[in-house]
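Raw contents of entry_33.txt, compact mmCIF, C-alpha atoms:
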```
# COMPACT_ATOMS: atom_id res chain seq x y z
CA MET A 156 143.27 80.46 89.34
CA ASP A 157 142.08 78.55 92.40
CA TYR A 158 138.61 77.57 91.19
CA LYS A 159 137.91 75.75 94.43
CA LYS A 160 137.69 79.11 96.20
CA LEU A 161 134.92 80.19 93.80
CA LEU A 162 132.71 77.20 94.59
CA PRO A 163 129.81 78.24 96.83
CA LYS A 164 129.86 76.68 100.27
CA ARG A 165 127.28 74.02 101.17
CA GLN A 166 125.57 74.57 104.51
CA GLN A 167 124.45 71.36 106.22
CA ASN A 168 121.58 73.11 108.01
CA SER A 169 119.80 73.92 104.76
CA HIS A 170 116.79 73.43 102.50
CA LYS A 171 116.14 73.94 98.78
CA GLY A 172 115.71 77.68 99.23
CA THR A 173 119.18 77.92 100.79
CA PHE A 174 120.77 77.12 97.44
CA GLY A 175 118.59 79.34 95.31
CA LYS A 176 115.51 79.27 93.13
CA ILE A 177 115.71 79.77 89.36
CA LEU A 178 113.02 80.71 86.87
CA ASN A 179 114.15 79.36 83.51
CA ILE A 180 112.20 80.73 80.54
CA ALA A 181 113.17 78.32 77.81
CA GLY A 182 112.04 75.94 75.10
CA SER A 183 109.67 75.89 72.16
CA GLN A 184 108.14 73.26 69.87
CA ASN A 185 111.35 72.88 67.86
CA PHE A 186 113.81 73.25 70.73
CA GLN A 187 112.48 71.20 73.61
CA GLY A 188 115.91 69.79 74.49
CA ALA A 189 117.25 73.26 75.23
CA ALA A 190 114.69 73.69 78.00
CA PHE A 191 115.59 70.33 79.54
CA LEU A 192 119.37 70.76 79.34
CA SER A 193 119.40 74.29 80.76
CA SER A 194 117.15 73.24 83.65
CA ILE A 195 118.87 70.04 84.72
CA SER A 196 122.39 71.47 84.48
CA ALA A 197 121.41 74.20 86.97
CA LEU A 198 120.32 71.54 89.47
CA LYS A 199 123.38 69.38 88.78
CA ILE A 200 125.69 72.23 89.75
CA GLY A 201 123.92 72.75 93.05
CA ALA A 202 120.88 75.02 92.72
CA GLY A 203 118.05 74.06 95.05
CA TYR A 204 115.01 74.56 92.85
CA ILE A 205 114.15 75.33 89.25
CA MET A 206 110.88 76.24 87.61
CA LEU A 207 110.75 75.96 83.84
CA ALA A 208 108.43 78.41 82.09
CA CYS A 209 107.72 76.82 78.72
CA PRO A 210 104.84 76.41 76.25
CA GLU A 211 102.20 74.15 77.72
CA ASN A 212 102.16 71.97 74.58
CA ILE A 213 105.72 70.74 75.25
CA LEU A 214 105.53 70.56 79.04
CA ASN A 215 104.64 66.85 79.27
CA ASN A 216 107.47 65.88 76.94
CA ILE A 217 110.05 67.58 79.15
CA ALA A 218 108.42 66.36 82.36
CA SER A 219 108.79 62.79 81.10
CA LEU A 220 112.57 63.27 80.96
CA SER A 221 112.94 64.30 84.58
CA PRO A 222 110.94 64.40 87.81
CA ASP A 223 113.22 67.16 89.16
CA ILE A 224 111.84 70.11 87.18
CA THR A 225 108.77 72.12 88.16
CA PHE A 226 106.77 73.97 85.54
CA LEU A 227 105.01 77.21 84.73
CA PRO A 228 102.94 76.59 81.57
CA LEU A 229 102.94 79.40 79.00
CA VAL A 230 100.12 79.98 76.52
CA ASP A 231 99.94 81.66 73.09
CA SER A 232 99.12 85.12 74.44
CA PRO A 233 102.17 87.28 75.32
CA LEU A 234 100.01 89.50 77.53
CA GLU A 235 98.72 86.55 79.55
CA ASN A 236 102.23 85.18 79.84
CA ILE A 237 103.79 88.43 80.98
CA GLY A 238 101.11 88.74 83.64
CA LEU A 239 101.83 85.21 84.80
CA LEU A 240 105.59 85.77 84.86
CA GLN A 241 105.29 89.11 86.61
CA LYS A 242 103.34 87.46 89.43
CA ASN A 243 106.12 84.90 89.90
CA ILE A 244 109.38 86.76 89.25
CA ASP A 245 109.82 88.03 92.81
CA LYS A 246 109.83 84.44 94.09
CA PHE A 247 113.12 83.65 92.33
CA ASP A 248 116.78 84.43 92.94
CA VAL A 249 117.82 84.16 89.27
CA ILE A 250 116.05 84.55 85.93
CA SER A 251 117.40 82.64 82.93
CA ILE A 252 115.92 83.36 79.52
CA GLY A 253 116.55 82.43 75.93
CA CYS A 254 117.50 78.78 75.57
CA GLY A 255 115.42 77.51 72.65
CA ILE A 256 112.61 80.06 72.97
CA GLY A 257 112.53 80.62 69.20
CA SER A 258 112.00 83.84 67.29
CA GLN A 259 108.25 84.06 66.75
CA LYS A 260 106.67 87.49 67.00
CA ARG A 261 104.83 86.65 70.21
CA THR A 262 108.12 85.49 71.73
CA LEU A 263 109.79 88.80 70.85
CA VAL A 264 106.88 90.72 72.39
CA LEU A 265 107.14 88.68 75.58
CA PHE A 266 110.93 89.08 75.74
CA GLU A 267 110.79 92.86 75.33
CA LYS A 268 108.13 93.29 78.02
CA LEU A 269 109.97 90.96 80.37
CA LEU A 270 113.24 92.87 80.03
CA LYS A 271 111.47 96.10 80.92
CA ILE A 272 110.19 94.50 84.12
CA LEU A 273 113.58 93.02 84.97
CA SER A 274 115.31 96.36 84.33
CA LYS A 275 113.62 97.62 87.51
CA SER A 276 114.82 94.59 89.48
CA ASP A 277 118.09 93.67 91.16
CA THR A 278 117.65 89.98 90.34
CA PRO A 279 120.54 88.43 88.36
CA VAL A 280 119.61 87.59 84.78
CA ILE A 281 121.36 85.32 82.29
CA ILE A 282 120.49 85.68 78.60
CA ASP A 283 121.47 83.05 76.06
CA ALA A 284 120.75 81.85 72.53
CA ASP A 285 117.40 83.10 71.18
CA GLY A 286 117.33 85.73 73.92
CA LEU A 287 120.48 87.23 72.39
CA ASN A 288 118.92 87.13 68.94
CA ALA A 289 115.87 88.95 70.33
CA ILE A 290 118.13 91.72 71.67
CA SER A 291 119.54 92.13 68.16
CA VAL A 292 116.17 92.09 66.38
CA LEU A 293 114.57 94.48 68.86
CA GLN A 294 117.71 96.67 68.97
CA ILE A 295 117.66 96.72 72.75
CA GLU A 296 120.40 98.90 74.22
CA LYS A 297 119.72 98.59 77.96
CA LEU A 298 119.76 95.31 79.83
CA PRO A 299 118.80 94.61 83.47
CA PRO A 300 121.45 95.83 85.93
CA LYS A 301 122.81 92.37 86.84
CA THR A 302 123.01 90.56 83.51
CA ILE A 303 125.26 87.91 82.01
CA ILE A 304 125.11 87.34 78.24
CA THR A 305 126.60 84.20 76.68
CA PRO A 306 127.07 84.74 72.92
CA HIS A 307 129.17 82.81 70.46
CA GLU A 308 130.89 84.86 67.77
CA VAL A 309 127.96 84.98 65.34
CA GLU A 310 125.57 86.12 68.07
CA LEU A 311 128.02 88.78 69.27
CA ALA A 312 128.44 90.01 65.69
CA ARG A 313 124.68 90.53 65.51
CA LEU A 314 124.60 92.27 68.90
CA LEU A 315 127.35 94.70 67.93
CA ASN A 316 126.46 94.97 64.23
CA VAL A 317 129.93 94.00 63.00
CA GLU A 318 131.21 91.23 60.73
CA VAL A 319 131.82 87.80 62.25
CA ASN A 320 135.43 87.71 61.03
CA GLU A 321 136.01 91.01 62.83
CA ILE A 322 134.89 89.35 66.07
CA SER A 323 137.01 86.26 65.37
CA GLU A 324 140.14 88.34 64.82
CA ASN A 325 139.57 90.63 67.81
CA ARG A 326 137.83 88.51 70.44
CA ILE A 327 139.21 90.31 73.49
CA LYS A 328 138.40 93.73 72.06
CA TYR A 329 134.78 92.89 71.32
CA ALA A 330 134.15 91.03 74.56
CA LYS A 331 135.10 94.28 76.28
CA VAL A 332 133.01 96.35 73.86
CA ALA A 333 129.94 94.23 74.62
CA GLY A 334 130.49 94.47 78.37
CA LYS A 335 130.70 98.23 78.19
CA LYS A 336 127.85 98.72 75.70
CA PHE A 337 125.35 96.60 77.63
CA ASN A 338 126.82 97.15 81.12
CA CYS A 339 126.91 93.40 81.62
CA THR A 340 129.23 90.43 82.08
CA THR A 341 129.97 88.90 78.68
CA VAL A 342 130.85 85.26 78.10
CA LEU A 343 132.24 85.03 74.55
CA LYS A 344 132.11 81.31 73.86
CA GLY A 345 134.64 79.41 71.78
CA HIS A 346 138.12 77.96 72.16
CA ASN A 347 139.51 79.69 75.26
CA THR A 348 136.17 81.27 76.14
CA LEU A 349 136.48 84.87 77.35
CA ILE A 350 134.70 86.25 80.40
CA CYS A 351 134.64 90.04 80.64
CA ASP A 352 132.77 92.16 83.19
CA SER A 353 131.33 95.62 82.59
CA SER A 354 134.55 97.25 83.85
CA GLY A 355 136.69 95.42 81.31
CA ASN A 356 138.22 92.87 83.70
CA LEU A 357 138.99 89.79 81.60
CA SER A 358 139.44 86.07 82.27
CA ILE A 359 140.47 83.51 79.65
CA ASN A 360 139.27 79.95 80.20
CA ASN A 361 141.65 77.06 79.63
CA SER A 362 139.38 74.03 80.03
CA GLY A 363 137.39 72.16 77.41
CA ASN A 364 137.95 70.55 74.02
CA SER A 365 136.12 69.76 70.78
CA ALA A 366 133.66 67.52 72.63
CA LEU A 367 131.80 70.72 73.51
CA ALA A 368 131.18 71.52 69.84
CA LYS A 369 127.71 69.96 69.84
CA ALA A 370 124.21 71.37 69.75
CA GLY A 371 122.93 71.88 73.29
CA SER A 372 126.32 72.45 74.89
CA GLY A 373 125.57 76.16 75.31
CA ASP A 374 122.27 75.35 77.01
CA VAL A 375 124.14 73.26 79.56
CA LEU A 376 126.54 76.16 80.18
CA ALA A 377 123.70 78.66 80.64
CA GLY A 378 122.11 76.40 83.24
CA MET A 379 125.40 75.88 85.07
CA VAL A 380 126.04 79.63 85.33
CA ALA A 381 122.45 80.22 86.48
CA GLY A 382 122.88 77.52 89.12
CA LEU A 383 126.00 79.19 90.51
CA LEU A 384 124.29 82.57 90.56
CA ALA A 385 121.40 81.02 92.50
CA GLN A 386 123.87 79.84 95.15
CA GLY A 387 125.13 83.38 95.68
CA CYS A 388 128.16 83.66 93.39
CA ALA A 389 128.90 87.13 92.06
CA LEU A 390 128.21 87.66 88.33
CA ALA A 391 131.80 87.37 87.10
CA ASP A 392 132.64 84.54 89.51
CA ALA A 393 129.61 82.53 88.38
CA ALA A 394 130.60 83.04 84.75
CA VAL A 395 134.27 82.15 85.29
CA LEU A 396 133.53 79.07 87.39
CA GLY A 397 130.62 77.93 85.22
CA VAL A 398 132.70 78.12 82.06
CA TYR A 399 135.60 76.28 83.70
CA LEU A 400 133.44 73.45 85.08
CA HIS A 401 131.59 73.17 81.77
CA GLY A 402 134.89 72.75 79.95
CA LEU A 403 136.17 70.28 82.53
CA SER A 404 132.93 68.27 82.20
CA GLY A 405 133.63 68.05 78.47
CA GLU A 406 137.17 66.85 79.08
CA LEU A 407 136.04 64.18 81.54
CA ALA A 408 133.20 63.04 79.29
CA SER A 409 135.50 62.74 76.29
CA GLN A 410 137.97 60.58 78.23
CA LYS A 411 135.23 57.97 78.44
CA LEU A 412 133.20 58.67 75.29
CA SER A 413 135.76 60.34 72.97
CA GLU A 414 135.66 63.89 71.69
CA TYR A 415 133.73 62.60 68.67
CA SER A 416 130.86 60.96 70.52
CA THR A 417 130.20 63.14 73.56
CA LEU A 418 126.72 64.69 73.45
CA ALA A 419 125.51 67.77 75.29
CA SER A 420 123.27 65.49 77.36
CA ASP A 421 126.34 63.44 78.33
CA LEU A 422 127.85 66.51 79.99
CA LEU A 423 125.15 66.35 82.66
CA GLU A 424 126.60 63.11 84.02
CA PHE A 425 130.10 64.57 84.29
CA ILE A 426 129.28 67.82 86.10
CA PRO A 427 129.52 65.99 89.47
CA GLN A 428 132.95 64.61 88.52
CA ALA A 429 134.12 68.07 87.48
CA ILE A 430 133.00 69.49 90.84
CA ASN A 431 134.69 66.68 92.77
CA LYS A 432 137.93 67.14 90.85
CA THR A 433 137.83 70.87 91.57
CA LEU A 434 137.20 70.25 95.27
CA GLN A 435 140.17 67.88 95.43
CA ASN A 436 142.56 70.32 93.79
CA SER A 437 143.06 73.79 95.20
CA ASN A 438 145.96 75.19 93.16
CA PHE A 439 145.03 75.63 89.54
CA SER A 440 146.90 77.79 87.09
CA ASP A 441 145.31 79.98 84.45
```

Will you turn the file into structure tokens for me?
Amino acid sequence: MDYKKLLPKRQQNSHKGTFGKILNIAGSQNFQGAAFLSSISALKIGAGYIMLACPENILNNIASLSPDITFLPLVDSPLENIGLLQKNIDKFDVISIGCGIGSQKRTLVLFEKLLKILSKSDTPVIIDADGLNAISVLQIEKLPPKTIITPHEVELARLLNVEVNEISENRIKYAKVAGKKFNCTTVLKGHNTLICDSSGNLSINNSGNSALAKAGSGDVLAGMVAGLLAQGCALADAAVLGVYLHGLSGELASQKLSEYSTLASDLLEFIPQAINKTLQNSNFSD
């Protein structure tokens, strides 16, 4: 595949809105890094603007890590939060939800109400991590019309109510089942990550290595895909390109740091190199 052709073009006569605005609903007391990683990776891949909606008691910690993120503080009341989010959703080109949000009851209430609002919208949505667990717990069958989900095998097993080993032995089958069931694009993470759209069209990724097997790596991927969506990539194209560049970032990072020692946060520094390498090479093979 020629991944260069999937990269969104960069207009010189532009501003931050040209390259898309993302609302990233992420983070909790125990998973503050997930909010940071999923926000910065979206900017690193080219998005123009990101607002992180996170609990106000962790906001300053994340702000101290980067001056590039803007914030929407969330409080303990799901009703107050849903009102706040509803006022802001229309301002954004992409909604990302789930990275490190936790599984508290108030979080589940907020997630369920938010999905109902987004189901009436045409805004692309990416759901990862605790967002996927919330779908399982709440037994949600219908997702917003333009959704990407990014489960690993355990999360997909919960979503489809099957055994994990059944997923492991039939990855292509269940990636297609998930796409059809939820009418979404499914990114089934793992070695040779699968990307399957709602019509059953399948891509198999060939980049990456064991350096990506670290906590936080999935948060970086979610942000990268959201960033590509914000720049106007179609759902499947954003997923395919995001997964490829994420894997390539891991390869490049491990060349310097080793597959043993690469951290999810290290990937952020190699996203630019992965993009440059892709721009310099126009004939890739699957």

What is the CA of Gly172 (chain A)-CA of Ser196 (chain A) distance in Å, reported with one decimal?
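Atom-to-atom, CA of Gly172 (chain A) to CA of Ser196 (chain A), that is 17.3 Å.
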
For region 192-287 of chain A versus region 338-342 of chain A, which residues have an atom no more than 12 Å away, and what is each residue's nearest atom pair and distance in Å rounded to one decimal, using only C-alpha atoms, chain-then-number order, as a Markdown table?
```
| residue | atom | partner | partner_atom | distance |
| --- | --- | --- | --- | --- |
| A:Ser274 | CA | A:Asn338 | CA | 12.0 |
| A:Pro279 | CA | A:Cys339 | CA | 10.5 |
| A:Val280 | CA | A:Cys339 | CA | 9.9 |
| A:Ile281 | CA | A:Thr340 | CA | 9.4 |
| A:Ile282 | CA | A:Thr341 | CA | 10.0 |
| A:Asp283 | CA | A:Val342 | CA | 9.9 |
| A:Leu287 | CA | A:Thr341 | CA | 11.5 |
```

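For the set A:Lys164, A:Lys271, A:His170, A:Lys336, the residue with the smallest atom-to-atom gap to Tyr204 (chain A) is A:His170, counting all atoms listed in the file.
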
Taking (111.5, 64.5, 86.7) in the coordinates of the supplied file, I want to know which residues reach to within 12 Å of it, counting only C-alpha atoms; could you give the answer as a PDB file with C-alpha atoms, in the frame of the given file?
```pdb
ATOM      1  CA  PHE A 191     115.590  70.330  79.540  1.00  0.00           C
ATOM      2  CA  SER A 194     117.150  73.240  83.650  1.00  0.00           C
ATOM      3  CA  ILE A 195     118.870  70.040  84.720  1.00  0.00           C
ATOM      4  CA  LEU A 198     120.320  71.540  89.470  1.00  0.00           C
ATOM      5  CA  ILE A 205     114.150  75.330  89.250  1.00  0.00           C
ATOM      6  CA  MET A 206     110.880  76.240  87.610  1.00  0.00           C
ATOM      7  CA  LEU A 207     110.750  75.960  83.840  1.00  0.00           C
ATOM      8  CA  LEU A 214     105.530  70.560  79.040  1.00  0.00           C
ATOM      9  CA  ASN A 215     104.640  66.850  79.270  1.00  0.00           C
ATOM     10  CA  ASN A 216     107.470  65.880  76.940  1.00  0.00           C
ATOM     11  CA  ILE A 217     110.050  67.580  79.150  1.00  0.00           C
ATOM     12  CA  ALA A 218     108.420  66.360  82.360  1.00  0.00           C
ATOM     13  CA  SER A 219     108.790  62.790  81.100  1.00  0.00           C
ATOM     14  CA  LEU A 220     112.570  63.270  80.960  1.00  0.00           C
ATOM     15  CA  SER A 221     112.940  64.300  84.580  1.00  0.00           C
ATOM     16  CA  PRO A 222     110.940  64.400  87.810  1.00  0.00           C
ATOM     17  CA  ASP A 223     113.220  67.160  89.160  1.00  0.00           C
ATOM     18  CA  ILE A 224     111.840  70.110  87.180  1.00  0.00           C
ATOM     19  CA  THR A 225     108.770  72.120  88.160  1.00  0.00           C
ATOM     20  CA  PHE A 226     106.770  73.970  85.540  1.00  0.00           C
TER      21      PHE A 226
END
```

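Atom to atom, CA of Leu422 (chain A) and CA of Ala284 (chain A) stand 18.5 Å apart.
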
Counting only C-alpha atoms, which residues of region 317-359 of chain A sit at most 12 Å from some atom of region 402-405 of chain A, and what is each one's closest atom pair with its distance in Å to one decimal, listed by chain and rising residue number, as a tab-separated table?
```
residue	atom	partner	partner_atom	distance
A:Lys344	CA	A:Gly402	CA	10.9
A:Gly345	CA	A:Gly402	CA	10.5
A:His346	CA	A:Gly402	CA	9.9
A:Asn347	CA	A:Gly402	CA	9.6
A:Thr348	CA	A:Gly402	CA	9.4
```

Counting all atoms listed in the file, figure out which residue out of A:Gln259, A:Thr278, A:Gln386, A:Asn364 gets nearest to Ser169 (chain A).
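Distance minimum relative to Ser169 (chain A) lands on A:Gln386.
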
Axis-aligned box over every listed atom of region 253-270 of chain A, padded by 3 Å per side: centre and edges in Å to one decimal, as JSON?
```
{"center_x": 111.2, "center_y": 85.4, "center_z": 73.6, "size_x": 18.7, "size_y": 21.8, "size_z": 19.6}
```
